[in-house]
$ cat protein.txt   # compact mmCIF, C-alpha atoms
# COMPACT_ATOMS: atom_id res chain seq x y z
CA MET A 1 -8.58 18.27 -13.77
CA LYS A 2 -5.45 19.47 -11.99
CA LYS A 3 -3.71 22.71 -12.86
CA LEU A 4 -0.33 22.38 -14.56
CA GLU A 5 1.47 23.79 -11.51
CA GLU A 6 0.13 20.93 -9.41
CA TYR A 7 2.15 18.40 -11.46
CA VAL A 8 5.44 20.14 -10.62
CA VAL A 9 7.12 18.89 -7.46
CA SER A 10 8.92 21.72 -5.66
CA ILE A 11 11.93 20.69 -3.58
CA PRO A 12 13.08 23.27 -1.02
CA ASP A 13 16.76 23.92 -0.32
CA PHE A 14 18.06 22.06 -3.38
CA PRO A 15 20.77 22.30 -4.62
CA GLU A 16 21.51 24.80 -1.83
CA PRO A 17 19.67 26.49 1.03
CA GLY A 18 17.13 29.08 -0.07
CA ILE A 19 16.62 27.60 -3.54
CA ILE A 20 13.37 25.89 -4.52
CA PHE A 21 14.06 23.30 -7.23
CA ARG A 22 11.15 22.86 -9.67
CA ASP A 23 11.27 19.24 -10.84
CA VAL A 24 10.11 18.76 -14.43
CA THR A 25 10.34 14.97 -14.17
CA SER A 26 7.18 14.91 -12.07
CA VAL A 27 5.31 16.43 -15.03
CA LEU A 28 6.79 13.92 -17.46
CA GLN A 29 5.96 10.92 -15.26
CA ASP A 30 2.24 11.68 -15.29
CA ALA A 31 0.43 11.18 -18.62
CA ASP A 32 -2.13 13.89 -17.81
CA GLY A 33 0.61 16.26 -16.68
CA LEU A 34 2.64 15.71 -19.85
CA GLN A 35 -0.39 16.21 -22.07
CA LEU A 36 -1.39 19.36 -20.20
CA ALA A 37 2.17 20.72 -20.45
CA ILE A 38 2.30 20.26 -24.23
CA ASP A 39 -1.25 21.57 -24.72
CA THR A 40 -0.57 24.64 -22.57
CA MET A 41 2.68 25.44 -24.37
CA GLU A 42 0.96 25.05 -27.73
CA GLU A 43 -1.86 27.35 -26.63
CA LYS A 44 0.71 30.05 -25.78
CA ILE A 45 2.00 30.09 -29.37
CA ARG A 46 -1.27 29.15 -31.13
CA GLU A 47 -1.30 32.11 -33.57
CA LEU A 48 2.49 32.23 -34.06
CA ASP A 49 3.71 31.71 -37.62
CA TYR A 50 6.90 29.63 -37.72
CA ASP A 51 8.66 27.23 -40.07
CA VAL A 52 10.92 25.24 -37.73
CA VAL A 53 10.96 24.19 -34.07
CA ALA A 54 14.36 24.10 -32.34
CA GLY A 55 15.15 22.78 -28.88
CA PRO A 56 18.19 22.06 -26.74
CA GLU A 57 19.11 18.73 -25.26
CA SER A 58 17.63 17.13 -23.44
CA ARG A 59 14.35 18.54 -22.20
CA GLY A 60 13.93 20.85 -25.19
CA PHE A 61 13.79 17.65 -27.23
CA ILE A 62 11.04 16.28 -24.99
CA PHE A 63 8.77 19.31 -25.27
CA GLY A 64 9.76 20.54 -28.73
CA THR A 65 9.31 17.33 -30.69
CA PRO A 66 5.58 16.85 -29.95
CA ILE A 67 4.93 20.51 -30.77
CA ALA A 68 6.76 20.11 -34.08
CA TYR A 69 4.91 16.86 -34.79
CA ASN A 70 1.49 18.31 -33.96
CA HIS A 71 2.04 21.23 -36.34
CA LYS A 72 3.84 19.30 -39.08
CA LYS A 73 7.07 21.25 -38.66
CA PRO A 74 10.65 20.00 -38.67
CA PHE A 75 12.52 19.75 -35.37
CA VAL A 76 16.13 20.95 -35.10
CA LEU A 77 18.45 19.62 -32.40
CA ILE A 78 20.65 21.98 -30.42
CA ARG A 79 23.30 19.94 -28.65
CA LYS A 80 26.34 20.21 -26.44
CA ALA A 81 29.60 20.45 -28.38
CA GLY A 82 30.90 17.30 -30.03
CA LYS A 83 27.61 15.39 -30.24
CA LEU A 84 26.53 16.05 -33.84
CA PRO A 85 28.03 14.05 -36.74
CA ARG A 86 28.00 16.57 -39.59
CA GLU A 87 29.40 20.07 -40.06
CA THR A 88 28.21 22.35 -37.24
CA VAL A 89 28.10 25.95 -36.10
CA SER A 90 28.65 26.69 -32.44
CA VAL A 91 28.29 29.37 -29.79
CA SER A 92 30.09 29.48 -26.46
CA TYR A 93 28.60 31.28 -23.48
CA GLU A 94 29.20 31.86 -19.81
CA LEU A 95 27.48 29.93 -17.05
CA GLU A 96 27.34 30.86 -13.38
CA TYR A 97 30.35 28.62 -12.72
CA GLY A 98 32.15 28.18 -16.02
CA SER A 99 31.26 28.12 -19.69
CA ALA A 100 29.48 25.92 -22.21
CA THR A 101 29.27 25.48 -25.96
CA ILE A 102 26.20 24.48 -27.96
CA GLU A 103 26.04 23.42 -31.59
CA MET A 104 23.65 22.67 -34.40
CA HIS A 105 24.14 21.30 -37.88
CA LYS A 106 25.15 24.01 -40.31
CA ASP A 107 22.37 23.00 -42.71
CA SER A 108 19.59 22.81 -40.10
CA ILE A 109 18.30 26.39 -40.55
CA ARG A 110 18.04 28.22 -43.86
CA PRO A 111 18.26 32.02 -44.13
CA GLY A 112 14.89 33.63 -43.46
CA GLN A 113 13.32 30.61 -41.77
CA ARG A 114 11.10 31.55 -38.82
CA VAL A 115 12.15 29.56 -35.76
CA LEU A 116 10.31 28.70 -32.55
CA ILE A 117 12.59 27.76 -29.63
CA VAL A 118 11.08 25.28 -27.15
CA ASP A 119 12.62 24.38 -23.79
CA ASP A 120 11.61 23.28 -20.32
CA LEU A 121 12.94 26.23 -18.35
CA ILE A 122 14.23 29.76 -18.53
CA ALA A 123 16.22 30.99 -15.58
CA THR A 124 19.00 33.53 -16.25
CA GLY A 125 18.43 33.30 -20.00
CA GLY A 126 22.05 32.53 -20.88
CA THR A 127 21.39 29.26 -22.68
CA THR A 128 18.39 30.69 -24.49
CA GLU A 129 20.37 33.76 -25.55
CA ALA A 130 23.08 31.44 -26.92
CA MET A 131 20.44 29.48 -28.89
CA VAL A 132 19.14 32.72 -30.40
CA LYS A 133 22.67 33.70 -31.47
CA LEU A 134 23.24 30.25 -32.97
CA ILE A 135 20.01 30.37 -35.00
CA GLU A 136 20.63 33.92 -36.13
CA SER A 137 24.19 33.05 -37.20
CA LEU A 138 22.60 30.80 -39.83
CA GLY A 139 20.20 33.53 -40.96
CA GLY A 140 17.20 32.20 -39.06
CA VAL A 141 14.69 34.55 -37.47
CA VAL A 142 13.62 33.68 -33.92
CA VAL A 143 9.91 34.51 -33.84
CA GLY A 144 9.17 33.03 -30.44
CA ILE A 145 10.40 31.17 -27.41
CA VAL A 146 8.10 28.97 -25.32
CA VAL A 147 9.08 27.25 -22.09
CA LEU A 148 7.27 25.15 -19.56
CA MET A 149 8.62 27.07 -16.55
CA GLU A 150 10.05 30.53 -16.00
CA LEU A 151 11.97 31.53 -12.88
CA ALA A 152 11.18 35.24 -13.08
CA GLY A 153 13.43 36.17 -10.16
CA LEU A 154 16.50 35.30 -12.25
CA LYS A 155 15.52 37.88 -14.91
CA GLY A 156 16.03 35.76 -18.03
CA ARG A 157 13.17 37.59 -19.71
CA GLU A 158 15.11 40.87 -19.45
CA ARG A 159 18.08 39.28 -21.18
CA LEU A 160 15.81 38.34 -24.08
CA ALA A 161 14.08 41.70 -24.45
CA GLY A 162 12.89 42.09 -28.02
CA TYR A 163 11.98 38.41 -28.40
CA ARG A 164 8.56 36.95 -27.75
CA LEU A 165 8.83 34.74 -24.67
CA GLU A 166 5.93 32.66 -23.37
CA SER A 167 5.92 30.48 -20.29
CA ALA A 168 3.29 27.94 -19.27
CA ILE A 169 4.16 28.47 -15.58
CA CYS A 170 5.86 31.52 -14.10
CA TYR A 171 7.42 31.34 -10.64
CA GLU A 172 8.19 34.76 -9.17
CA GLY A 173 11.28 33.65 -7.23
CA LYS A 174 14.47 31.84 -8.11
$ encode --input "protein.txt" --output "C-alpha cells"
Amino acid sequence: MKKLEEYVVSIPDFPEPGIIFRDVTSVLQDADGLQLAIDTMEEKIRELDYDVVAGPESRGFIFGTPIAYNHKKPFVLIRKAGKLPRETVSVSYELEYGSATIEMHKDSIRPGQRVLIVDDLIATGGTTEAMVKLIESLGGVVVGIVVLMELAGLKGRERLAGYRLESAICYEGK
C-alpha cells in the first residue's frame, strides 16, 4: 500500500516561482488515497473527546463530513459570507492580499460544546484562527484541529499555540 504522501501531486513553481503547490485533488481522485486520508486523520484524533465536527468550505466539508459520519457526530458548515440562509455570526480576517469573512449559523454551536475543526490544509493559520474565534464566539470549546496537510514553513502552528493541532502530512517548507 502506498504512503499518504505518495497520493499528493506536488507542482513546482505554482502559483509563483519557488512555491511547491500540494494538490489535494490527486488524493480525492484516488479511492485508496481518499480512504487513507480519512483513516489517517481519524487516527490522529482517535482518543479526542468532541461533540461536533466543524469544517470550512469547501475541502473542510469533504474531509470533515466522513469523520463526523463515522463517529456519529453532527457536522457544522463554516462558509464564506452571504451563503447561509438563517441568522449567522461572522468573523473577518486578513489574508496575504486582502481580507475575508466567514460565517456559521448562530444556532450551530451551543455553549460548552467541544468542537473538532477539520480542514485540508494549514498554511499561515489565518483561516483556522478565524474559525476558532467564530466557534468561541458562540461559546464552543475548540478541543482539536486536524488537517490533511501542514505547510510548516508558513508557521500556522505557532499562530494556533494553545490548541491541539494534528496533521496527517507535514511539509517542512512553504
$ closest_residue --input "protein.txt" --among "A:Ile38, A:Ala100, A:Ala54, A:Ala168" --to "Gly144 of chain A" --atoms "only C-alpha atoms"
A:Ala54
$ residues_around --input "protein.txt" --residues "Asp49 of chain A" --least-positions-apart "4" --cutoff "12 Å" --atoms "all atoms listed in the file" --output "list in words"
Ile45, Val53, His71, Lys73, Gln113, Arg114, Val115, Leu116, Val141, Val142, Val143 and Gly144 of chain A
$ atom_distance --input "protein.txt" --atom1 "atom CA of Leu165 of chain A" --atom2 "atom CA of Asp39 of chain A"
16.6 Å
$ closest_residue --input "protein.txt" --among "A:Ile67, A:Glu5, A:Cys170, A:Gly82" --to "Glu43 of chain A" --atoms "all atoms listed in the file"
A:Ile67
$ atom_distance --input "protein.txt" --atom1 "atom CA of Val147 of chain A" --atom2 "atom CA of Lys174 of chain A"
15.7 Å
$ closest_residue --input "protein.txt" --among "A:Phe61, A:Gly139, A:Val9, A:Thr88" --to "Asp30 of chain A" --atoms "only C-alpha atoms"
A:Val9
$ closest_residue --input "protein.txt" --among "A:Val8, A:Ala130, A:Val91, A:Val118" --to "Val27 of chain A" --atoms "only C-alpha atoms"
A:Val8
$ atom_distance --input "protein.txt" --atom1 "atom CA of Asp32 of chain A" --atom2 "atom CA of Tyr171 of chain A"
21.1 Å
$ closest_residue --input "protein.txt" --among "A:Val52, A:Thr124, A:Ala68, A:Phe21" --to "Gly112 of chain A" --atoms "only C-alpha atoms"
A:Val52
$ closest_residue --input "protein.txt" --among "A:Arg46, A:Asp120, A:Ile20, A:Pro111" --to "Glu172 of chain A" --atoms "only C-alpha atoms"
A:Ile20
$ residues_near_point --input "protein.txt" --point "(25.2, 30.9, -41.6)" --cutoff "9 Å" --atoms "all atoms listed in the file" --output "VMD selection string"
chain A and resid 89 106 to 107 109 to 111 134 to 140
